[in-house]
file coords.cif (mmCIF, C-alpha atoms)
data_protein
#
loop_
_atom_site.label_atom_id
_atom_site.label_comp_id
_atom_site.auth_asym_id
_atom_site.auth_seq_id
_atom_site.Cartn_x
_atom_site.Cartn_y
_atom_site.Cartn_z
CA MET A 12 -79.36 -50.28 -154.09
CA ALA A 13 -75.68 -49.79 -154.69
CA ALA A 14 -73.51 -48.41 -151.92
CA ILE A 15 -69.87 -48.22 -151.05
CA VAL A 16 -69.69 -50.17 -147.87
CA SER A 17 -67.47 -52.68 -146.19
CA LEU A 18 -67.73 -55.32 -143.52
CA PHE A 19 -66.88 -54.75 -139.98
CA ALA A 20 -64.60 -57.55 -138.83
CA PHE A 21 -61.87 -58.51 -136.35
CA VAL A 22 -58.91 -60.75 -135.76
CA PHE A 23 -58.43 -62.36 -132.37
CA ALA A 24 -54.78 -63.53 -132.15
CA ILE A 25 -54.81 -66.75 -130.20
CA VAL A 26 -51.59 -67.91 -128.55
CA GLY A 27 -50.84 -71.36 -127.22
CA LEU A 28 -50.82 -70.56 -123.51
CA SER A 29 -52.69 -71.99 -120.54
CA ASN A 30 -56.43 -71.33 -120.56
CA LEU A 31 -58.68 -69.40 -118.17
CA SER A 32 -62.36 -70.04 -117.56
CA LEU A 33 -64.89 -67.19 -117.75
CA ILE A 34 -65.01 -67.05 -113.94
CA GLN A 35 -61.24 -66.63 -113.76
CA ALA A 36 -61.34 -64.02 -116.52
CA GLN A 37 -63.76 -61.93 -114.48
CA LYS A 38 -60.95 -61.22 -112.03
CA GLY A 39 -58.53 -59.76 -114.54
CA GLY A 40 -60.01 -59.39 -118.02
CA PHE A 41 -58.16 -59.83 -121.28
CA SER A 42 -57.03 -57.93 -124.38
CA VAL A 43 -55.12 -58.27 -127.64
CA GLU A 44 -53.72 -55.91 -130.26
CA LEU A 45 -55.97 -54.17 -132.75
CA ILE A 46 -54.07 -54.66 -136.02
CA HIS A 47 -54.91 -52.93 -139.29
CA ARG A 48 -55.33 -55.24 -142.28
CA ASP A 49 -52.56 -53.41 -144.10
CA SER A 50 -50.09 -53.47 -141.23
CA PRO A 51 -46.96 -55.58 -141.80
CA LYS A 52 -48.27 -57.56 -138.80
CA SER A 53 -51.31 -58.66 -140.81
CA PRO A 54 -51.43 -61.95 -142.74
CA LEU A 55 -53.25 -59.99 -145.47
CA TYR A 56 -50.48 -57.39 -145.87
CA ASN A 57 -49.53 -56.50 -149.45
CA HIS A 58 -46.29 -54.53 -149.54
CA LEU A 59 -47.02 -53.36 -153.11
CA ASP A 60 -50.14 -51.39 -152.08
CA THR A 61 -49.99 -47.65 -151.44
CA THR A 62 -52.39 -45.94 -149.03
CA CYS A 63 -54.44 -44.77 -152.02
CA ASN A 64 -54.55 -48.31 -153.41
CA ARG A 65 -55.92 -49.54 -150.08
CA VAL A 66 -58.62 -46.90 -149.98
CA THR A 67 -59.62 -47.60 -153.59
CA ASN A 68 -59.69 -51.34 -152.93
CA ALA A 69 -61.88 -50.83 -149.85
CA LEU A 70 -64.36 -48.81 -151.88
CA ARG A 71 -64.34 -51.35 -154.72
CA ARG A 72 -65.01 -54.27 -152.37
CA SER A 73 -67.77 -52.50 -150.55
CA PHE A 74 -70.38 -51.90 -153.29
CA ASN A 75 -72.40 -54.93 -152.19
CA ARG A 76 -72.14 -54.37 -148.45
CA VAL A 77 -75.50 -52.63 -148.13
CA HIS A 78 -77.22 -55.90 -149.05
CA ARG A 79 -75.79 -57.47 -145.90
CA PHE A 80 -78.15 -55.23 -143.94
CA LYS A 81 -80.99 -57.24 -145.46
CA PRO A 82 -80.34 -60.94 -144.86
CA THR A 83 -83.26 -63.08 -145.83
CA SER A 84 -83.10 -64.69 -142.42
CA VAL A 85 -81.79 -62.77 -139.95
CA SER A 86 -70.98 -61.53 -113.61
CA THR A 87 -68.54 -59.05 -115.50
CA MET A 88 -65.64 -59.93 -117.73
CA GLU A 89 -63.13 -57.48 -119.22
CA ALA A 90 -61.96 -58.38 -122.69
CA GLU A 91 -60.24 -56.88 -125.68
CA ALA A 92 -59.92 -58.44 -129.13
CA ASP A 93 -57.60 -58.05 -132.12
CA ILE A 94 -59.03 -56.28 -135.12
CA ILE A 95 -57.36 -56.57 -138.50
CA SER A 96 -58.89 -54.13 -140.98
CA ASP A 97 -59.09 -55.44 -144.52
CA SER A 98 -59.11 -51.83 -145.82
CA GLY A 99 -62.64 -51.59 -144.52
CA GLU A 100 -63.24 -55.32 -144.21
CA TYR A 101 -62.14 -56.77 -140.90
CA LEU A 102 -61.26 -60.31 -140.00
CA MET A 103 -61.50 -62.12 -136.71
CA ASN A 104 -59.19 -64.98 -135.81
CA ILE A 105 -60.70 -67.07 -133.03
CA SER A 106 -60.33 -70.66 -131.88
CA ILE A 107 -63.20 -73.16 -131.83
CA GLY A 108 -63.41 -76.60 -130.29
CA THR A 109 -61.35 -78.87 -128.02
CA PRO A 110 -58.52 -78.97 -128.85
CA ALA A 111 -58.68 -75.35 -130.04
CA PHE A 112 -58.79 -74.94 -133.82
CA ASP A 113 -57.92 -71.50 -135.25
CA ILE A 114 -60.29 -69.98 -137.81
CA VAL A 115 -60.35 -66.60 -139.57
CA ALA A 116 -63.78 -65.13 -140.29
CA ILE A 117 -65.42 -61.84 -141.22
CA ALA A 118 -66.66 -60.08 -138.08
CA ASP A 119 -69.87 -58.35 -138.99
CA THR A 120 -71.98 -55.92 -136.95
CA GLY A 121 -74.60 -56.34 -139.69
CA SER A 122 -75.36 -59.97 -138.81
CA ASP A 123 -75.78 -62.21 -135.77
CA LEU A 124 -74.90 -65.83 -136.42
CA ILE A 125 -71.36 -67.10 -135.83
CA TRP A 126 -70.62 -69.64 -138.55
CA THR A 127 -67.64 -71.28 -140.17
CA GLN A 128 -67.09 -73.70 -143.01
CA CYS A 129 -66.92 -77.29 -141.79
CA LYS A 130 -65.90 -80.70 -143.02
CA SER A 131 -67.45 -82.24 -144.94
CA CYS A 132 -68.54 -79.66 -147.49
CA SER A 133 -71.07 -80.36 -150.22
CA GLN A 134 -70.29 -76.85 -151.52
CA CYS A 135 -67.71 -74.55 -149.94
CA PHE A 136 -66.02 -71.41 -151.21
CA PRO A 137 -62.23 -71.79 -151.53
CA GLN A 138 -60.24 -71.03 -148.39
CA THR A 139 -56.51 -71.26 -147.77
CA ALA A 140 -56.76 -72.60 -144.21
CA PRO A 141 -57.98 -76.12 -143.31
CA LEU A 142 -61.69 -76.60 -142.67
CA PHE A 143 -62.95 -77.04 -139.11
CA ASP A 144 -63.65 -80.72 -138.44
CA PRO A 145 -66.44 -81.02 -135.84
CA THR A 146 -65.70 -84.71 -135.32
CA ALA A 147 -62.24 -83.77 -133.99
CA SER A 148 -63.69 -81.59 -131.19
CA SER A 149 -64.69 -83.30 -127.94
CA THR A 150 -66.92 -80.34 -126.96
CA TYR A 151 -68.88 -80.04 -130.23
CA LYS A 152 -72.60 -80.83 -130.04
CA THR A 153 -75.66 -80.35 -132.24
CA PHE A 154 -79.29 -79.60 -131.30
CA SER A 155 -82.70 -80.92 -132.18
CA CYS A 156 -85.09 -78.51 -133.84
CA ARG A 157 -87.26 -78.43 -130.71
CA THR A 158 -84.59 -76.88 -128.46
CA SER A 159 -84.47 -73.25 -127.33
CA GLN A 160 -81.00 -72.96 -128.87
CA CYS A 161 -82.49 -73.74 -132.26
CA GLY A 162 -85.20 -71.14 -131.69
CA ASP A 163 -82.66 -68.41 -130.92
CA VAL A 164 -81.21 -68.63 -134.42
CA GLU A 165 -83.03 -66.97 -137.32
CA GLY A 166 -83.89 -69.04 -140.36
CA THR A 167 -83.80 -72.52 -138.83
CA SER A 168 -85.62 -75.64 -139.94
CA CYS A 169 -85.82 -79.34 -139.12
CA SER A 170 -83.82 -81.95 -141.00
CA SER A 171 -85.24 -85.38 -141.76
CA ASN A 172 -83.64 -86.73 -138.56
CA GLY A 173 -84.99 -83.87 -136.40
CA SER A 174 -81.73 -81.93 -136.06
CA CYS A 175 -81.65 -78.13 -136.23
CA LYS A 176 -80.52 -76.67 -139.55
CA TYR A 177 -79.85 -73.02 -140.36
CA SER A 178 -79.91 -71.12 -143.63
CA VAL A 179 -78.75 -67.54 -144.07
CA SER A 180 -78.37 -65.65 -147.33
CA TYR A 181 -77.57 -62.09 -148.35
CA GLY A 182 -78.65 -59.73 -151.09
CA ASP A 183 -75.29 -60.00 -152.83
CA GLY A 184 -75.83 -63.73 -153.38
CA SER A 185 -73.64 -64.99 -150.52
CA TYR A 186 -75.12 -67.74 -148.36
CA SER A 187 -74.42 -70.42 -145.77
CA ASN A 188 -76.39 -73.56 -144.92
CA GLY A 189 -75.55 -76.10 -142.24
CA GLU A 190 -76.28 -77.38 -138.75
CA VAL A 191 -76.80 -75.35 -135.57
CA ALA A 192 -74.26 -76.45 -132.98
CA ALA A 193 -72.40 -75.37 -129.86
CA ASP A 194 -68.71 -75.55 -129.08
CA THR A 195 -66.00 -73.93 -127.00
CA LEU A 196 -64.75 -70.52 -128.16
CA THR A 197 -61.25 -69.36 -127.17
CA LEU A 198 -60.26 -65.68 -127.00
CA ASP A 199 -56.93 -64.05 -126.16
CA SER A 200 -56.34 -62.33 -122.79
CA THR A 201 -54.56 -59.31 -121.36
CA THR A 202 -53.06 -61.71 -118.81
CA GLY A 203 -51.37 -63.57 -121.64
CA SER A 204 -53.64 -66.58 -121.12
CA PRO A 205 -56.55 -67.32 -123.48
CA VAL A 206 -60.10 -67.19 -122.10
CA VAL A 207 -62.34 -70.17 -122.78
CA VAL A 208 -66.06 -69.55 -123.42
CA PRO A 209 -68.02 -72.84 -123.37
CA ASN A 210 -71.19 -73.72 -125.28
CA VAL A 211 -71.19 -70.88 -127.81
CA ILE A 212 -74.02 -71.30 -130.34
CA MET A 213 -72.67 -71.37 -133.89
CA GLY A 214 -73.39 -72.63 -137.37
CA CYS A 215 -71.34 -75.39 -138.93
CA GLY A 216 -71.62 -74.63 -142.64
CA HIS A 217 -71.59 -77.46 -145.17
CA ASP A 218 -73.00 -75.49 -148.12
CA ASN A 219 -71.53 -71.98 -148.45
CA ASP A 220 -70.69 -69.67 -151.32
CA GLY A 221 -70.59 -66.03 -152.39
CA SER A 222 -68.33 -63.02 -152.14
CA PHE A 223 -66.01 -64.41 -149.46
CA ASP A 224 -62.24 -64.07 -149.56
CA GLU A 225 -60.10 -67.22 -149.54
CA ASN A 226 -58.38 -65.89 -146.39
CA THR A 227 -61.67 -66.18 -144.47
CA SER A 228 -63.76 -69.15 -143.42
CA GLY A 229 -67.08 -67.67 -142.29
CA ILE A 230 -68.72 -64.85 -140.32
CA ILE A 231 -68.60 -63.76 -136.68
CA GLY A 232 -71.91 -62.01 -136.01
CA LEU A 233 -71.54 -58.97 -133.72
CA GLY A 234 -75.07 -57.60 -134.08
CA GLY A 235 -77.74 -57.21 -131.43
CA GLY A 236 -79.69 -60.42 -132.08
CA HIS A 237 -79.88 -63.45 -129.76
CA SER A 238 -77.27 -65.56 -131.53
CA SER A 239 -74.53 -62.91 -131.91
CA LEU A 240 -71.24 -63.11 -130.05
CA ILE A 241 -72.14 -59.92 -128.13
CA SER A 242 -75.48 -61.32 -126.96
CA GLN A 243 -74.03 -64.72 -126.07
CA LEU A 244 -71.30 -63.12 -123.93
CA GLY A 245 -74.15 -61.12 -122.36
CA THR A 246 -73.75 -60.44 -118.64
CA THR A 247 -70.16 -61.73 -118.63
CA ILE A 248 -69.19 -58.52 -120.43
CA ASP A 249 -71.96 -56.47 -118.78
CA GLY A 250 -73.32 -55.77 -122.28
CA LYS A 251 -70.36 -53.53 -123.15
CA PHE A 252 -67.92 -53.42 -126.04
CA SER A 253 -65.86 -50.69 -127.68
CA TYR A 254 -63.43 -50.19 -130.53
CA CYS A 255 -61.00 -47.60 -131.85
CA LEU A 256 -60.52 -47.66 -135.64
CA LEU A 257 -57.24 -46.46 -137.13
CA PRO A 258 -57.12 -44.13 -140.15
CA PHE A 259 -55.84 -45.68 -143.38
CA SER A 260 -52.68 -43.58 -143.05
CA GLU A 261 -51.73 -45.33 -139.78
CA ALA A 262 -51.97 -48.92 -140.93
CA GLY A 263 -48.73 -49.87 -139.17
CA ASN A 264 -50.00 -48.99 -135.69
CA SER A 265 -52.12 -51.04 -133.29
CA SER A 266 -55.03 -50.43 -130.95
CA LYS A 267 -57.56 -52.51 -128.99
CA MET A 268 -61.06 -53.78 -129.06
CA ASN A 269 -62.52 -53.96 -125.57
CA PHE A 270 -65.28 -55.84 -123.77
CA GLY A 271 -66.77 -55.51 -120.29
CA SER A 272 -65.49 -52.89 -117.86
CA ASP A 273 -62.53 -52.18 -120.14
CA ALA A 274 -65.04 -50.98 -122.74
CA VAL A 275 -66.36 -48.08 -120.62
CA VAL A 276 -65.77 -44.81 -122.51
CA SER A 277 -65.19 -42.00 -120.01
CA GLY A 278 -63.21 -38.79 -119.46
CA ASN A 279 -63.03 -35.40 -121.14
CA GLY A 280 -64.79 -35.03 -124.46
CA VAL A 281 -67.13 -38.02 -124.15
CA VAL A 282 -70.63 -37.62 -125.55
CA SER A 283 -73.35 -40.29 -125.44
CA THR A 284 -76.52 -40.95 -127.42
CA PRO A 285 -79.32 -43.50 -126.92
CA LEU A 286 -79.53 -46.76 -128.82
CA THR A 287 -83.03 -47.29 -130.13
CA LYS A 288 -84.47 -50.80 -130.15
CA GLN A 289 -86.37 -51.71 -133.27
CA SER A 290 -86.65 -54.47 -135.83
CA PRO A 291 -84.45 -56.10 -136.88
CA GLN A 292 -82.64 -56.44 -133.55
CA THR A 293 -79.39 -57.15 -135.41
CA PHE A 294 -78.67 -53.50 -136.19
CA TYR A 295 -77.60 -50.68 -133.88
CA PHE A 296 -79.96 -47.72 -134.45
CA LEU A 297 -79.18 -44.14 -133.37
CA THR A 298 -81.18 -40.94 -133.81
CA LEU A 299 -79.64 -38.32 -136.11
CA GLU A 300 -81.04 -34.84 -135.53
CA ALA A 301 -78.88 -32.72 -137.84
CA ILE A 302 -75.47 -32.18 -139.43
CA SER A 303 -73.76 -28.79 -139.23
CA VAL A 304 -71.33 -27.42 -141.80
CA GLY A 305 -69.68 -24.50 -140.08
CA THR A 306 -72.62 -22.58 -138.58
CA ASN A 307 -75.12 -23.95 -141.11
CA ARG A 308 -77.25 -26.56 -139.31
CA ILE A 309 -79.13 -28.91 -141.65
CA ASN A 310 -81.94 -30.69 -139.81
CA PHE A 311 -82.52 -34.36 -140.56
CA THR A 312 -86.25 -34.96 -140.91
CA ASP A 313 -86.15 -38.12 -143.02
CA LYS A 314 -87.67 -41.34 -141.69
CA PRO A 315 -85.79 -44.05 -143.62
CA PHE A 316 -87.00 -46.72 -141.18
CA GLY A 317 -90.50 -45.28 -140.77
CA ILE A 318 -90.07 -43.61 -137.36
CA ASP A 319 -88.49 -40.44 -135.92
CA GLN A 320 -86.29 -42.22 -133.38
CA GLY A 321 -83.66 -44.68 -134.56
CA ASN A 322 -83.35 -43.15 -138.02
CA ILE A 323 -79.72 -44.15 -138.76
CA ILE A 324 -77.69 -47.36 -138.33
CA ILE A 325 -74.18 -47.11 -136.90
CA ASP A 326 -71.96 -49.77 -138.47
CA SER A 327 -68.23 -49.89 -137.97
CA GLY A 328 -67.91 -51.94 -141.14
CA THR A 329 -69.55 -49.49 -143.50
CA THR A 330 -66.95 -47.33 -145.23
CA LEU A 331 -68.95 -44.20 -146.11
CA THR A 332 -71.69 -42.39 -144.24
CA LEU A 333 -74.77 -42.93 -146.40
CA LEU A 334 -77.75 -40.57 -146.29
CA PRO A 335 -81.11 -40.19 -148.10
CA ASP A 336 -80.84 -38.40 -151.43
CA ASP A 337 -82.46 -35.04 -150.64
CA PHE A 338 -80.68 -34.59 -147.31
CA TYR A 339 -77.36 -35.60 -148.84
CA SER A 340 -77.81 -33.09 -151.68
CA GLU A 341 -78.34 -30.27 -149.18
CA LEU A 342 -75.30 -31.40 -147.17
CA GLU A 343 -73.09 -31.65 -150.26
CA SER A 344 -74.14 -28.19 -151.38
CA ALA A 345 -73.27 -26.73 -147.97
CA VAL A 346 -69.85 -28.40 -147.94
CA SER A 347 -68.94 -27.45 -151.51
CA SER A 348 -69.95 -23.82 -150.92
CA MET A 349 -67.23 -23.57 -148.24
CA ILE A 350 -64.38 -25.18 -150.20
CA ASN A 351 -62.26 -23.14 -152.57
CA ALA A 352 -60.75 -25.83 -154.77
CA THR A 353 -61.08 -27.41 -158.20
CA LYS A 354 -63.77 -30.07 -158.47
CA VAL A 355 -62.85 -33.28 -160.28
CA ASN A 356 -64.60 -36.54 -161.09
CA GLY A 357 -64.26 -39.38 -158.57
CA PRO A 358 -65.15 -43.07 -158.65
CA GLU A 359 -68.76 -44.22 -158.76
CA GLY A 360 -70.59 -43.42 -155.54
CA LEU A 361 -68.29 -40.57 -154.49
CA ASN A 362 -70.10 -37.42 -155.57
CA LEU A 363 -67.90 -34.59 -154.27
CA CYS A 364 -64.20 -34.76 -155.14
CA TYR A 365 -61.43 -32.18 -155.48
CA ASP A 366 -57.99 -31.78 -156.97
CA ALA A 367 -55.69 -32.62 -154.05
CA THR A 368 -52.48 -31.38 -155.65
CA THR A 369 -53.25 -28.01 -154.07
CA GLU A 370 -54.12 -27.74 -150.38
CA PHE A 371 -57.65 -26.73 -149.49
CA THR A 372 -59.39 -26.03 -146.22
CA VAL A 373 -62.09 -28.46 -145.07
CA PRO A 374 -65.02 -26.88 -143.19
CA ASP A 375 -65.95 -27.93 -139.66
CA ILE A 376 -68.58 -30.65 -139.78
CA THR A 377 -70.52 -31.74 -136.68
CA VAL A 378 -72.90 -34.68 -136.54
CA HIS A 379 -75.75 -34.03 -134.09
CA PHE A 380 -77.10 -37.24 -132.62
CA SER A 381 -79.74 -37.10 -129.90
CA GLY A 382 -77.84 -35.74 -126.87
CA ALA A 383 -74.43 -36.02 -128.55
CA ASP A 384 -72.64 -33.57 -130.86
CA VAL A 385 -69.76 -35.36 -132.61
CA LYS A 386 -67.28 -32.93 -134.20
CA LEU A 387 -65.47 -34.60 -137.07
CA GLN A 388 -61.87 -34.01 -138.14
CA PRO A 389 -60.78 -33.61 -141.80
CA LEU A 390 -59.61 -37.27 -141.83
CA ASN A 391 -63.23 -38.24 -141.09
CA THR A 392 -64.77 -36.16 -143.87
CA PHE A 393 -62.30 -36.36 -146.80
CA VAL A 394 -60.17 -39.25 -148.00
CA LEU A 395 -57.44 -39.45 -150.65
CA ILE A 396 -58.53 -41.94 -153.30
CA SER A 397 -55.48 -41.24 -155.49
CA GLU A 398 -52.35 -39.11 -155.36
CA THR A 399 -54.29 -36.23 -156.86
CA VAL A 400 -57.94 -36.67 -155.80
CA ALA A 401 -59.64 -36.27 -152.40
CA CYS A 402 -63.34 -37.10 -151.95
CA PHE A 403 -66.07 -36.39 -149.42
CA THR A 404 -66.71 -39.47 -147.24
CA PHE A 405 -70.50 -38.99 -147.24
CA SER A 406 -72.71 -40.19 -150.08
CA SER A 407 -76.36 -40.76 -150.98
CA LEU A 408 -78.48 -43.89 -150.66
CA PRO A 409 -82.23 -43.80 -151.37
CA ASN A 410 -84.35 -44.16 -148.21
CA PHE A 411 -81.52 -45.40 -146.03
CA ALA A 412 -79.02 -43.99 -143.52
CA ILE A 413 -75.79 -45.54 -142.20
CA TYR A 414 -73.07 -43.91 -140.10
CA GLY A 415 -69.88 -45.39 -141.51
CA ASN A 416 -66.39 -46.18 -140.28
CA LEU A 417 -64.51 -43.32 -141.93
CA ALA A 418 -66.55 -40.96 -139.72
CA GLN A 419 -65.63 -43.09 -136.68
CA MET A 420 -61.86 -43.30 -137.19
CA ASN A 421 -59.81 -41.84 -134.30
CA PHE A 422 -62.83 -42.04 -132.02
CA LEU A 423 -63.17 -44.48 -129.13
CA VAL A 424 -66.71 -45.77 -129.72
CA GLY A 425 -68.38 -47.62 -126.87
CA TYR A 426 -71.62 -49.60 -126.90
CA ASP A 427 -73.58 -50.33 -123.73
CA THR A 428 -76.37 -52.71 -124.68
CA ILE A 429 -77.79 -52.74 -121.14
CA LYS A 430 -78.02 -48.96 -120.68
CA GLN A 431 -78.75 -48.73 -124.41
CA THR A 432 -76.20 -46.02 -125.26
CA VAL A 433 -73.35 -45.40 -127.69
CA SER A 434 -70.52 -43.10 -126.58
CA PHE A 435 -67.91 -41.24 -128.64
CA LYS A 436 -64.56 -39.89 -127.44
CA PRO A 437 -62.00 -38.23 -129.76
CA THR A 438 -58.93 -40.48 -129.44
CA ASP A 439 -55.59 -41.10 -131.11
CA CYS A 440 -56.31 -44.74 -131.88
CA SER A 441 -52.63 -45.46 -132.59
CA ASN A 442 -51.94 -44.82 -128.88
CA ASN A 443 -55.12 -46.37 -127.48
#

call {"tool": "encode", "arguments": {"input": "coords.cif", "output": "structure tokens"}}
result
Amino acid sequence: MAAIVSLFAFVFAIVGLSNLSLIQAQKGGFSVELIHRDSPKSPLYNHLDTTCNRVTNALRRSFNRVHRFKPTSVSTMEAEADIISDSGEYLMNISIGTPAFDIVAIADTGSDLIWTQCKSCSQCFPQTAPLFDPTASSTYKTFSCRTSQCGDVEGTSCSSNGSCKYSVSYGDGSYSNGEVAADTLTLDSTTGSPVVVPNVIMGCGHDNDGSFDENTSGIIGLGGGHSSLISQLGTTIDGKFSYCLLPFSEAGNSSKMNFGSDAVVSGNGVVSTPLTKQSPQTFYFLTLEAISVGTNRINFTDKPFGIDQGNIIIDSGTTLTLLPDDFYSELESAVSSMINATKVNGPEGLNLCYDATTEFTVPDITVHFSGADVKLQPLNTFVLISETVACFTFSSLPNFAIYGNLAQMNFLVGYDTIKQTVSFKPTDCSNN
């Protein structure tokens, strides 16, 4: 399967200030800026790129993303975390160990394990930053293969000396192998003081390779499985997190990623839909009932995951919204019938494109989840991929359905993993 998708990831900007424990953080919470990858604030900023370049690059990088949905092994605190969007790929900058050691990793809602490249490496992909040295951390510890911590991580095995080893690989050929460990994780705070999270389960990778950028050093898993950052924070964030993704055109502005009580999405315009638990636990499944184009409601009767409920994955790292072939064809036909403009060819995977040198009116499109009607804006449904071409942000994918990040931009999207809901609120993310 080929799809235009990208990784959901974040950057936590860690500052050298006095630390707070989790108990102290419960009293005040914490937050940091949400920074677009292409903002001048980003370490990945390229001043030569235009907005169209960034969109095109995001689509180019994302062809293999769909394979990351199929790995072969798969008290209340308020918190907010930096997100730097890598034009659809996001990076998270956290600190691990004692003393704290800064790392930059892909934050991925399509996987669970937190892992980083470690010294010494038998095989590591090139990275610009130094490797994490576990021997330099006084709080680093490994586990035997008989421990519950080892059992919570998918794809583990026993080494010859009885220590717990992990192995995770992806359909695009990327992989990481190493030891299961625990260490202190440091996150930034709204109080200006970092929050220290002890004993976070992670992978220390000594054999890693694949389609990773040299500006990254691993993956921060944000899925729903036992070993993800979200699950490990657990009751300390009351099972809640939210984000607000900026449009490509507002790369210079900042927003927030929130955890705990700061992640509650409330007020006028909020709609909520149930999360559906199913296998694998990593992914966040919603139930799509229909999509309306103007007054034309197209019911979604496909069962890409074999059941009526939980028939679409929401992933803030996937660029496009991807739908089964027959349903997508009906949707595309409905959209094109309401647009009076000249059709042109777009890049591979983008099926409906128009000449953007002349203005055209985009029809109203509403996504009907169970109990939640999400009305999209034109910036959610069409994107400029060049100075002269605009393309529909929905595409086809055989027997699969993903609700992507272009459809989520300028929405505050909140996850409550205890109440099992996802909420949407139309929001100017540049002012959030």

call {"tool": "residues_around", "arguments": {"input": "coords.cif", "residues": "Gly234 in chain A", "least_positions_apart": "6", "cutoff": "9 Å", "atoms": "all atoms listed in the file", "output": "MDAnalysis selection string"}}
result
chainID A and resid 119:124 240:242 292:295

call {"tool": "write_last_selection", "arguments": {"input": "coords.cif", "atoms": "C-alpha atoms", "output": "PDB file, in the coordinates of the input"}}
result
ATOM      1  CA  ASP A 119     -69.870 -58.350-138.990  1.00  0.00           C
ATOM      2  CA  THR A 120     -71.980 -55.920-136.950  1.00  0.00           C
ATOM      3  CA  GLY A 121     -74.600 -56.340-139.690  1.00  0.00           C
ATOM      4  CA  SER A 122     -75.360 -59.970-138.810  1.00  0.00           C
ATOM      5  CA  ASP A 123     -75.780 -62.210-135.770  1.00  0.00           C
ATOM      6  CA  LEU A 124     -74.900 -65.830-136.420  1.00  0.00           C
ATOM      7  CA  LEU A 240     -71.240 -63.110-130.050  1.00  0.00           C
ATOM      8  CA  ILE A 241     -72.140 -59.920-128.130  1.00  0.00           C
ATOM      9  CA  SER A 242     -75.480 -61.320-126.960  1.00  0.00           C
ATOM     10  CA  GLN A 292     -82.640 -56.440-133.550  1.00  0.00           C
ATOM     11  CA  THR A 293     -79.390 -57.150-135.410  1.00  0.00           C
ATOM     12  CA  PHE A 294     -78.670 -53.500-136.190  1.00  0.00           C
ATOM     13  CA  TYR A 295     -77.600 -50.680-133.880  1.00  0.00           C
TER      14      TYR A 295
END

call {"tool": "resolve_selection", "arguments": {"input": "coords.cif", "expression": "the PyMOL selection byres ((chain A and resi 434) around 12)", "output": "PyMOL selection string"}}
result
chain A and resi 251-255+274-278+280-286+297+325+380-385+419+422-428+430-433+435-437

call {"tool": "resolve_selection", "arguments": {"input": "coords.cif", "expression": "the PyMOL selection byres ((chain A and resi 376) around 7)", "output": "number ranges by chain"}}
result
A: 303-305, 374-375, 377-378, 386-387

call {"tool": "atom_distance", "arguments": {"input": "coords.cif", "atom1": "CA of Pro335 in chain A", "atom2": "CA of Ala301 in chain A"}}
result
12.9 Å

call {"tool": "atom_distance", "arguments": {"input": "coords.cif", "atom1": "CA of Asp326 in chain A", "atom2": "CA of Met420 in chain A"}}
result
12.1 Å

call {"tool": "closest_residue", "arguments": {"input": "coords.cif", "among": "A:Leu334, A:Ala118, A:Ile350, A:Cys129", "to": "Phe411 in chain A", "atoms": "only C-alpha atoms"}}
result
A:Leu334

call {"tool": "residues_around", "arguments": {"input": "coords.cif", "residues": "Thr167 in chain A", "least_positions_apart": "6", "cutoff": "9 Å", "atoms": "all atoms listed in the file", "output": "PyMOL selection string"}}
result
chain A and resi 84+156+161+175-179+190-191

call {"tool": "resolve_selection", "arguments": {"input": "coords.cif", "expression": "the PyMOL selection byres ((chain A and resi 370) around 12)", "output": "list in words"}}
result
Ile350, Asn351, Ala352, Thr353, Tyr365, Asp366, Ala367, Thr368, Thr369, Phe371, Thr372, Val373, Thr399, Val400 and Ala401 of chain A

call {"tool": "closest_residue", "arguments": {"input": "coords.cif", "among": "A:Ile125, A:Ala412, A:Leu390, A:Leu395", "to": "Asp336 in chain A", "atoms": "all atoms listed in the file"}}
result
A:Ala412

call {"tool": "residues_around", "arguments": {"input": "coords.cif", "residues": "Phe296 in chain A", "least_positions_apart": "5", "cutoff": "6 Å", "atoms": "all atoms listed in the file", "output": "PDB file with C-alpha atoms, in the coordinates of the input"}}
result
ATOM      1  CA  LEU A 286     -79.530 -46.760-128.820  1.00  0.00           C
ATOM      2  CA  THR A 287     -83.030 -47.290-130.130  1.00  0.00           C
ATOM      3  CA  GLY A 321     -83.660 -44.680-134.560  1.00  0.00           C
ATOM      4  CA  ILE A 323     -79.720 -44.150-138.760  1.00  0.00           C
ATOM      5  CA  ILE A 324     -77.690 -47.360-138.330  1.00  0.00           C
TER       6      ILE A 324
END

call {"tool": "atom_distance", "arguments": {"input": "coords.cif", "atom1": "CA of Glu165 in chain A", "atom2": "CA of Gly236 in chain A"}}
result
9.0 Å

call {"tool": "residues_around", "arguments": {"input": "coords.cif", "residues": "Asn219 in chain A", "least_positions_apart": "5", "cutoff": "9 Å", "atoms": "all atoms listed in the file", "output": "ChimeraX atom specification"}}
result
/A:128,132-136,185-189,229

call {"tool": "closest_residue", "arguments": {"input": "coords.cif", "among": "A:Ser441, A:Phe154, A:Ile396, A:Ile212", "to": "Glu359 in chain A", "atoms": "all atoms listed in the file"}}
result
A:Ile396

call {"tool": "closest_residue", "arguments": {"input": "coords.cif", "among": "A:Ile429, A:Leu299, A:Val66, A:Met213", "to": "Phe338 in chain A", "atoms": "all atoms listed in the file"}}
result
A:Leu299
